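Asks: Sharing start-v8.cif here; it has mmCIF, C-alpha atoms.
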```cif
data_my_file
#
loop_
_atom_site.label_atom_id
_atom_site.label_comp_id
_atom_site.auth_asym_id
_atom_site.auth_seq_id
_atom_site.Cartn_x
_atom_site.Cartn_y
_atom_site.Cartn_z
CA MET A 20 16.58 -26.52 -5.21
CA THR A 21 19.10 -26.98 -8.02
CA GLN A 22 20.23 -30.22 -6.44
CA GLN A 23 16.65 -31.45 -6.19
CA ALA A 24 16.01 -30.60 -9.85
CA ARG A 25 19.21 -32.35 -10.85
CA PHE A 26 18.20 -35.40 -8.83
CA MET A 27 14.79 -35.52 -10.53
CA ILE A 28 16.45 -35.27 -13.96
CA ASN A 29 18.87 -38.05 -13.01
CA LEU A 30 15.98 -40.32 -12.01
CA PHE A 31 14.16 -39.41 -15.19
CA VAL A 32 17.23 -40.26 -17.27
CA ILE A 33 17.57 -43.63 -15.50
CA ILE A 34 13.92 -44.49 -16.23
CA MET A 35 14.32 -43.39 -19.86
CA THR A 36 17.50 -45.46 -20.23
CA TYR A 37 15.67 -48.43 -18.77
CA LEU A 38 12.83 -47.97 -21.27
CA VAL A 39 15.34 -47.73 -24.15
CA CYS A 40 17.03 -50.96 -23.00
CA PHE A 41 13.68 -52.66 -22.44
CA LEU A 42 12.43 -51.74 -25.93
CA ALA A 43 15.81 -52.61 -27.48
CA TYR A 44 15.58 -56.00 -25.82
CA GLU A 45 12.10 -56.56 -27.30
CA ILE A 46 13.38 -55.62 -30.77
CA TYR A 47 16.45 -57.81 -30.35
CA ASP A 48 14.25 -60.69 -29.22
CA GLY A 49 12.05 -60.23 -32.32
CA VAL A 50 15.10 -60.25 -34.59
CA ALA A 51 16.47 -63.32 -32.79
CA GLN A 52 13.21 -65.17 -33.47
CA ILE A 53 13.72 -64.57 -37.21
CA PHE A 54 17.31 -65.84 -37.08
CA ARG A 55 16.22 -68.89 -35.14
CA GLY A 56 13.77 -69.61 -37.95
CA ARG A 57 10.75 -69.45 -35.66
CA ALA A 58 9.22 -66.52 -37.51
CA THR A 59 8.14 -66.90 -41.12
CA TYR A 60 7.95 -63.18 -41.80
CA PHE A 61 9.64 -60.09 -40.39
CA SER A 62 7.63 -58.59 -37.53
CA ILE A 63 8.54 -56.94 -34.29
CA GLN A 64 6.05 -56.47 -31.49
CA LEU A 65 6.56 -53.68 -29.02
CA PRO A 66 4.61 -53.41 -25.77
CA ILE A 67 2.29 -50.43 -25.99
CA ILE A 68 2.59 -48.89 -22.50
CA PRO A 69 6.44 -48.73 -22.33
CA SER A 70 6.50 -47.40 -25.90
CA ILE A 71 4.04 -44.62 -25.08
CA LEU A 72 5.90 -43.81 -21.85
CA PHE A 73 9.14 -43.62 -23.81
CA ILE A 74 7.67 -41.22 -26.37
CA ILE A 75 6.19 -39.02 -23.62
CA GLY A 76 9.57 -39.08 -21.83
CA LEU A 77 11.36 -38.16 -25.04
CA ILE A 78 9.17 -35.07 -25.33
CA LEU A 79 9.42 -34.17 -21.62
CA LEU A 80 13.18 -34.61 -21.22
CA PRO A 81 14.31 -31.56 -23.25
CA VAL A 82 11.61 -29.43 -21.60
CA LEU A 83 12.76 -30.49 -18.10
CA TYR A 84 16.40 -30.01 -19.04
CA LEU A 85 15.85 -26.49 -20.37
CA LEU A 86 13.79 -25.60 -17.28
CA TYR A 87 16.60 -26.91 -15.09
CA CYS A 88 19.18 -24.85 -16.99
CA LYS A 89 17.02 -21.74 -16.66
CA LYS A 90 16.45 -22.21 -12.91
CA SER A 91 20.04 -23.05 -12.07
CA GLY A 92 21.51 -20.37 -14.32
CA LEU A 93 23.50 -22.84 -16.38
CA LYS A 94 24.07 -22.35 -20.07
CA PRO A 95 22.05 -24.97 -22.03
CA PHE A 96 24.23 -27.70 -23.54
CA SER A 97 27.25 -26.48 -21.57
CA LYS A 98 29.64 -29.14 -20.29
CA LYS A 99 28.63 -28.53 -16.68
CA SER A 100 24.91 -28.83 -17.35
CA LEU A 101 25.27 -32.00 -19.43
CA LEU A 102 27.99 -34.03 -17.83
CA SER A 103 28.47 -33.13 -14.21
CA PRO A 104 26.55 -35.14 -11.66
CA ILE A 105 25.66 -33.45 -8.35
CA GLU A 106 28.89 -34.80 -6.88
CA PHE A 107 31.01 -32.46 -9.00
CA ASP A 108 29.35 -29.34 -7.61
CA GLU A 109 31.35 -29.32 -4.38
CA GLN A 110 32.06 -25.72 -3.46
CA ASP A 111 33.94 -26.04 -0.20
CA GLU A 112 35.32 -28.49 2.35
CA ARG A 113 31.97 -28.98 4.10
CA GLU A 114 30.28 -30.02 0.87
CA LYS A 115 33.21 -32.34 0.15
CA MET A 116 32.71 -33.95 3.55
CA ILE A 117 28.95 -34.33 3.04
CA ASN A 118 29.57 -35.74 -0.43
CA ALA A 119 32.03 -38.23 1.02
CA LYS A 120 29.37 -39.39 3.50
CA ALA A 121 26.76 -39.61 0.71
CA CYS A 122 29.15 -41.57 -1.53
CA ARG A 123 29.90 -43.95 1.34
CA ALA A 124 26.19 -44.50 1.99
CA SER A 125 25.45 -45.10 -1.70
CA TYR A 126 28.43 -47.46 -1.97
CA ILE A 127 27.07 -49.55 0.91
CA ALA A 128 23.55 -49.43 -0.55
CA VAL A 129 24.85 -50.68 -3.91
CA GLN A 130 26.74 -53.52 -2.21
CA TYR A 131 23.55 -54.77 -0.58
CA SER A 132 21.23 -54.10 -3.51
CA ILE A 133 23.50 -56.01 -5.92
CA ALA A 134 23.40 -59.00 -3.57
CA VAL A 135 19.60 -58.75 -3.23
CA GLY A 136 19.25 -58.26 -7.00
CA ALA A 137 21.36 -61.33 -7.74
CA ILE A 138 19.28 -63.43 -5.33
CA LEU A 139 16.06 -62.13 -6.92
CA ILE A 140 17.32 -63.05 -10.39
CA ILE A 141 18.41 -66.52 -9.27
CA ILE A 142 15.12 -67.25 -7.49
CA LEU A 143 12.56 -65.57 -9.74
CA TYR A 144 14.03 -65.59 -13.22
CA PRO A 145 13.42 -69.28 -14.05
CA TYR A 146 9.72 -68.76 -13.28
CA ILE A 147 9.12 -65.39 -14.91
CA ASN A 148 11.46 -65.41 -17.90
CA ARG A 149 8.65 -66.50 -20.19
CA TYR A 150 6.53 -63.46 -19.27
CA PHE A 151 9.21 -60.94 -18.40
CA ALA A 152 12.41 -61.90 -20.15
CA SER A 153 14.17 -58.61 -19.47
CA PHE A 154 13.78 -58.90 -15.68
CA PRO A 155 17.58 -58.72 -15.05
CA LEU A 156 17.54 -55.32 -16.77
CA LEU A 157 14.96 -54.10 -14.28
CA VAL A 158 17.16 -55.30 -11.40
CA LEU A 159 20.20 -53.62 -12.91
CA PHE A 160 18.44 -50.29 -13.35
CA SER A 161 16.91 -50.54 -9.87
CA VAL A 162 20.42 -50.78 -8.42
CA TRP A 163 21.38 -47.67 -10.40
CA MET A 164 18.33 -45.88 -9.05
CA ILE A 165 19.00 -46.99 -5.46
CA GLN A 166 22.51 -45.56 -5.76
CA HIS A 167 21.17 -42.14 -6.79
CA ILE A 168 18.37 -42.12 -4.22
CA THR A 169 20.72 -43.04 -1.37
CA HIS A 170 23.24 -40.41 -2.41
CA TYR A 171 20.62 -37.69 -2.68
CA PHE A 172 18.90 -38.38 0.64
CA THR A 173 22.18 -38.74 2.54
CA PHE A 174 23.40 -35.47 1.04
CA ARG A 175 20.17 -33.79 2.07
CA LYS A 176 20.36 -35.23 5.58
CA TYR A 177 23.73 -33.62 6.29
CA SER A 178 23.38 -30.35 4.38
CA MET B 2 34.36 -33.83 22.54
CA ASN B 3 32.89 -31.04 20.47
CA VAL B 4 34.55 -28.05 18.91
CA GLN B 5 32.83 -24.88 20.05
CA ASN B 6 33.33 -21.42 18.61
CA LYS B 7 32.23 -17.84 18.89
CA VAL B 8 32.13 -17.09 15.18
CA LYS B 9 28.57 -15.75 15.38
CA GLU B 10 29.47 -13.37 18.19
CA LEU B 11 32.64 -12.19 16.45
CA ARG B 12 30.86 -11.75 13.16
CA ALA B 13 28.28 -9.51 14.84
CA ARG B 14 31.00 -7.58 16.67
CA TYR B 15 33.06 -6.97 13.54
CA GLY B 16 30.01 -6.21 11.37
CA TYR B 17 30.35 -9.10 8.99
CA SER B 18 27.38 -10.72 7.31
CA GLN B 19 27.46 -14.50 6.78
CA GLU B 20 27.85 -13.85 3.06
CA LYS B 21 30.78 -11.45 3.56
CA LEU B 22 32.60 -13.77 5.95
CA ALA B 23 31.99 -16.71 3.62
CA SER B 24 33.55 -14.91 0.66
CA ALA B 25 36.47 -13.74 2.85
CA ILE B 26 37.35 -17.30 3.82
CA GLY B 27 36.37 -18.90 0.51
CA VAL B 28 33.39 -21.05 1.48
CA THR B 29 29.63 -20.94 1.00
CA ARG B 30 27.26 -19.05 3.28
CA GLN B 31 25.74 -22.38 4.35
CA THR B 32 29.12 -23.50 5.69
CA VAL B 33 29.43 -20.37 7.84
CA ALA B 34 25.90 -21.00 9.15
CA ALA B 35 26.79 -24.64 9.91
CA ILE B 36 29.95 -23.58 11.81
CA GLU B 37 27.95 -21.07 13.86
CA LYS B 38 25.38 -23.72 14.76
CA PHE B 39 28.21 -26.15 15.71
CA ASP B 40 26.91 -28.55 13.07
CA TYR B 41 30.25 -28.55 11.32
CA SER B 42 33.78 -28.44 12.73
CA PRO B 43 35.98 -26.56 10.27
CA SER B 44 39.35 -27.89 9.17
CA LEU B 45 42.52 -26.43 10.61
CA LEU B 46 43.03 -24.37 7.46
CA LEU B 47 39.53 -22.94 7.54
CA GLY B 48 39.79 -22.27 11.27
CA LEU B 49 43.01 -20.35 10.73
CA LYS B 50 41.41 -18.38 7.91
CA ILE B 51 38.57 -17.36 10.22
CA CYS B 52 41.06 -16.32 12.91
CA LYS B 53 42.98 -14.27 10.36
CA VAL B 54 39.83 -12.41 9.31
CA PHE B 55 39.15 -11.38 12.94
CA ASN B 56 42.85 -10.99 13.72
CA LEU B 57 42.59 -13.30 16.73
CA THR B 58 44.36 -16.44 17.90
CA MET B 59 42.88 -19.90 17.49
CA GLU B 60 42.13 -20.25 21.21
CA GLU B 61 40.15 -17.04 21.20
CA VAL B 62 37.80 -18.33 18.52
CA PHE B 63 37.70 -22.12 18.96
CA TRP B 64 37.83 -24.40 21.97
CA ILE B 65 37.02 -27.98 22.83
CA GLU B 66 34.04 -28.79 25.00
CA GLU B 67 34.09 -32.14 26.79
CA GLU B 68 30.92 -34.26 26.56
CA ASP B 69 30.36 -34.34 30.37
CA GLU B 70 30.64 -30.55 30.64
CA LYS B 71 27.14 -30.21 29.17
#
```
Represent the structure of the file as structure tokens.
Replies:
Amino acid sequence: MTQQARFMINLFVIIMTYLVCFLAYEIYDGVAQIFRGRATYFSIQLPIIPSILFIIGLILLPVLYLLYCKKSGLKPFSKKSLLSPIEFDEQDEREKMINAKACRASYIAVQYSIAVGAILIIILYPYINRYFASFPLLVLFSVWMIQHITHYFTFRKYS
Amino acid sequence: MNVQNKVKELRARYGYSQEKLASAIGVTRQTVAAIEKFDYSPSLLLGLKICKVFNLTMEEVFWIEEEDEK
């Protein structure tokens, strides 16, 4: 249960980080337009849906985190609750073995997903960069997410 | 080849709960359950710890079962 909650928080954090990067990219792009002399006045446009999702996520994240701490009996803002991924919670040799299998599976998954991601960027990016300039960011964060998902489901399979 | 054991039988005979045996050998209760179900083959160290708890030899607790014996 704790592991599942931790996994959900990890996914949530990945999505939030993606949204931060996506919005930062939009801001950076707006600033770049000014420096390039294409904009006559200072204005930055942010897409409405990602911005709203980010604000909702910003409100939900502390609530989820505190709920997780309460359920798992961890002290809020303690080092263990903030920093340790699931992998550091190994309690005995069996969990170490399962974790090794899960790490192996996620390592292989990342190998393949990076290759697929690179091919997707090479093929699609020239066509979609006008509409979705931060597409490589999406690929990058998808790889991160695939790593976590593979680890979690492999861990669950053997435990 | 599979490692078989009679941990469950011994635990019942000696009046140990899974929790008690787990804390005696320094693992989680889930690991004891996995050993009993033959889902997990313990390391040599863990096997010896289990034997020490029941005061038995390794052969009396663990043995190898060949695939074609099934």
Asks: Starting from the displayed file, determine the output of the PyMOL selection byres ((chain B) within 9 of (chain A)) and express the residue list as a PyMOL selection string.
Replies: chain B and resi 27-29+31-32+35+41-44+47
Asks: I need the output of the PyMOL selection byres ((chain B and resi 8-11) around 8) for this file as a list in words; which residues are they?
Replies: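 Checking the PyMOL selection byres ((chain B and resi 8-11) around 8) against this file, the residues are Asn6, Lys7, Arg12, Ala13, Arg14, Tyr15, Ile36, Glu37, Phe55 and Val62 of chain B.
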Asks: Hey, what's within 9 Å of B:Ile51 if we count only C-alpha atoms and toss same-chain stuff fewer than 5 positions away? As a list in words, please?
Replies: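 After dropping sequence-adjacent residues, the list is Val8, Leu22, Ala25, Ile26, Leu46, Asn56, Leu57, Met59 and Val62 of chain B.
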Asks: Restricting it to C-alpha atoms, dump the selection as an mmCIF file, keeping the file's coordinate frame.
Replies:
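Final output, saved to part_9.cif:
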```cif
data_model
loop_
_atom_site.group_PDB
_atom_site.id
_atom_site.type_symbol
_atom_site.label_atom_id
_atom_site.label_comp_id
_atom_site.auth_asym_id
_atom_site.auth_seq_id
_atom_site.Cartn_x
_atom_site.Cartn_y
_atom_site.Cartn_z
ATOM 1 C CA VAL B 8 32.130 -17.090 15.180
ATOM 2 C CA LEU B 22 32.600 -13.770 5.950
ATOM 3 C CA ALA B 25 36.470 -13.740 2.850
ATOM 4 C CA ILE B 26 37.350 -17.300 3.820
ATOM 5 C CA LEU B 46 43.030 -24.370 7.460
ATOM 6 C CA ASN B 56 42.850 -10.990 13.720
ATOM 7 C CA LEU B 57 42.590 -13.300 16.730
ATOM 8 C CA MET B 59 42.880 -19.900 17.490
ATOM 9 C CA VAL B 62 37.800 -18.330 18.520
#
```
Asks: Just to confirm, what's the straight-line distance from atom CA of A:Phe31 to atom CA of A:Ala134 in Å (one decimal)?
Replies: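 For atom CA of A:Phe31 relative to atom CA of A:Ala134, the distance reads 24.6 Å.
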Asks: Output the residue selection produced by the PyMOL selection byres ((chain A and resi 46) around 12) on the file above, formatted as a VMD selection string.
Replies: chain A and resid 39 to 45 47 to 53 61 to 66 70 153
Asks: Box time for stretch 144-148 of chain A: axis-aligned, enclosing all its listed atoms, 8 Å extra on each side; report centre and edge lengths in Å to one decimal, as JSON.
Replies:
```
{"center_x": 11.6, "center_y": -67.3, "center_z": -15.6, "size_x": 20.9, "size_y": 19.9, "size_z": 20.7}
```
Asks: Please measure the separation of atom CA of A:Ser132 and atom CA of A:Glu109, giving the value in Å to one decimal.
Replies: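 That distance, rounded to one decimal, is 26.8 Å.
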Asks: Would you mind completing stretch 44-68 of chain A so that it carries N, CA, C and O atoms, and writing it out as an mmCIF file, keeping the file's coordinate frame?
Replies:
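For reference, result_4.cif as written:
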```cif
data_model
loop_
_atom_site.group_PDB
_atom_site.id
_atom_site.type_symbol
_atom_site.label_atom_id
_atom_site.label_comp_id
_atom_site.auth_asym_id
_atom_site.auth_seq_id
_atom_site.Cartn_x
_atom_site.Cartn_y
_atom_site.Cartn_z
ATOM 1 N N TYR A 44 15.605 -54.562 -26.074
ATOM 2 C CA TYR A 44 15.580 -56.000 -25.820
ATOM 3 C C TYR A 44 14.435 -56.663 -26.585
ATOM 4 O O TYR A 44 14.605 -57.735 -27.171
ATOM 5 N N GLU A 45 13.261 -56.007 -26.591
ATOM 6 C CA GLU A 45 12.100 -56.560 -27.300
ATOM 7 C C GLU A 45 12.392 -56.662 -28.799
ATOM 8 O O GLU A 45 12.061 -57.656 -29.446
ATOM 9 N N ILE A 46 13.036 -55.613 -29.345
ATOM 10 C CA ILE A 46 13.380 -55.620 -30.770
ATOM 11 C C ILE A 46 14.391 -56.732 -31.050
ATOM 12 O O ILE A 46 14.252 -57.512 -31.985
ATOM 13 N N TYR A 47 15.398 -56.798 -30.196
ATOM 14 C CA TYR A 47 16.450 -57.810 -30.350
ATOM 15 C C TYR A 47 15.855 -59.218 -30.297
ATOM 16 O O TYR A 47 16.210 -60.096 -31.082
ATOM 17 N N ASP A 48 14.906 -59.391 -29.361
ATOM 18 C CA ASP A 48 14.250 -60.690 -29.220
ATOM 19 C C ASP A 48 13.473 -61.043 -30.492
ATOM 20 O O ASP A 48 13.494 -62.191 -30.947
ATOM 21 N N GLY A 49 12.804 -60.023 -31.061
ATOM 22 C CA GLY A 49 12.050 -60.230 -32.320
ATOM 23 C C GLY A 49 12.977 -60.636 -33.448
ATOM 24 O O GLY A 49 12.683 -61.559 -34.225
ATOM 25 N N VAL A 50 14.115 -59.949 -33.538
ATOM 26 C CA VAL A 50 15.100 -60.250 -34.590
ATOM 27 C C VAL A 50 15.666 -61.664 -34.379
ATOM 28 O O VAL A 50 15.835 -62.439 -35.331
ATOM 29 N N ALA A 51 15.917 -61.996 -33.115
ATOM 30 C CA ALA A 51 16.470 -63.320 -32.790
ATOM 31 C C ALA A 51 15.510 -64.440 -33.219
ATOM 32 O O ALA A 51 15.957 -65.497 -33.679
ATOM 33 N N GLN A 52 14.215 -64.177 -33.072
ATOM 34 C CA GLN A 52 13.210 -65.170 -33.470
ATOM 35 C C GLN A 52 13.326 -65.469 -34.973
ATOM 36 O O GLN A 52 13.180 -66.605 -35.418
ATOM 37 N N ILE A 53 13.585 -64.407 -35.753
ATOM 38 C CA ILE A 53 13.720 -64.570 -37.210
ATOM 39 C C ILE A 53 14.957 -65.426 -37.506
ATOM 40 O O ILE A 53 14.916 -66.366 -38.290
ATOM 41 N N PHE A 54 16.070 -65.097 -36.831
ATOM 42 C CA PHE A 54 17.310 -65.840 -37.080
ATOM 43 C C PHE A 54 17.195 -67.306 -36.649
ATOM 44 O O PHE A 54 17.813 -68.180 -37.230
ATOM 45 N N ARG A 55 16.400 -67.523 -35.606
ATOM 46 C CA ARG A 55 16.220 -68.890 -35.140
ATOM 47 C C ARG A 55 15.290 -69.677 -36.075
ATOM 48 O O ARG A 55 15.104 -70.872 -35.911
ATOM 49 N N GLY A 56 14.660 -68.957 -37.007
ATOM 50 C CA GLY A 56 13.770 -69.610 -37.950
ATOM 51 C C GLY A 56 12.385 -69.871 -37.405
ATOM 52 O O GLY A 56 11.592 -70.614 -37.974
ATOM 53 N N ARG A 57 12.076 -69.236 -36.252
ATOM 54 C CA ARG A 57 10.750 -69.450 -35.660
ATOM 55 C C ARG A 57 9.701 -68.521 -36.266
ATOM 56 O O ARG A 57 8.508 -68.749 -36.129
ATOM 57 N N ALA A 58 10.175 -67.444 -36.892
ATOM 58 C CA ALA A 58 9.220 -66.520 -37.510
ATOM 59 C C ALA A 58 9.312 -66.675 -39.030
ATOM 60 O O ALA A 58 10.401 -66.758 -39.595
ATOM 61 N N THR A 59 8.155 -66.710 -39.663
ATOM 62 C CA THR A 59 8.140 -66.900 -41.120
ATOM 63 C C THR A 59 8.244 -65.564 -41.844
ATOM 64 O O THR A 59 8.659 -65.504 -42.989
ATOM 65 N N TYR A 60 7.852 -64.503 -41.190
ATOM 66 C CA TYR A 60 7.950 -63.180 -41.800
ATOM 67 C C TYR A 60 8.493 -62.189 -40.776
ATOM 68 O O TYR A 60 8.465 -62.460 -39.574
ATOM 69 N N PHE A 61 9.007 -61.057 -41.277
ATOM 70 C CA PHE A 61 9.640 -60.090 -40.390
ATOM 71 C C PHE A 61 8.587 -59.265 -39.638
ATOM 72 O O PHE A 61 7.805 -58.534 -40.243
ATOM 73 N N SER A 62 8.541 -59.408 -38.333
ATOM 74 C CA SER A 62 7.630 -58.590 -37.530
ATOM 75 C C SER A 62 8.231 -58.409 -36.132
ATOM 76 O O SER A 62 8.826 -59.334 -35.577
ATOM 77 N N ILE A 63 8.071 -57.210 -35.654
ATOM 78 C CA ILE A 63 8.540 -56.940 -34.290
ATOM 79 C C ILE A 63 7.368 -56.370 -33.495
ATOM 80 O O ILE A 63 6.699 -55.442 -33.948
ATOM 81 N N GLN A 64 7.135 -56.958 -32.337
ATOM 82 C CA GLN A 64 6.050 -56.470 -31.490
ATOM 83 C C GLN A 64 6.629 -55.694 -30.322
ATOM 84 O O GLN A 64 7.522 -56.178 -29.625
ATOM 85 N N LEU A 65 6.101 -54.482 -30.149
ATOM 86 C CA LEU A 65 6.560 -53.680 -29.020
ATOM 87 C C LEU A 65 5.412 -53.492 -28.037
ATOM 88 O O LEU A 65 4.285 -53.213 -28.455
ATOM 89 N N PRO A 66 5.671 -53.640 -26.751
ATOM 90 C CA PRO A 66 4.610 -53.410 -25.770
ATOM 91 C C PRO A 66 4.152 -51.953 -25.795
ATOM 92 O O PRO A 66 4.996 -51.040 -25.869
ATOM 93 N N ILE A 67 2.850 -51.765 -25.747
ATOM 94 C CA ILE A 67 2.290 -50.430 -25.990
ATOM 95 C C ILE A 67 2.593 -49.434 -24.864
ATOM 96 O O ILE A 67 3.009 -48.306 -25.132
ATOM 97 N N ILE A 68 2.434 -49.860 -23.605
ATOM 98 C CA ILE A 68 2.590 -48.890 -22.500
ATOM 99 C C ILE A 68 4.040 -48.374 -22.394
ATOM 100 O O ILE A 68 4.257 -47.159 -22.378
#
```
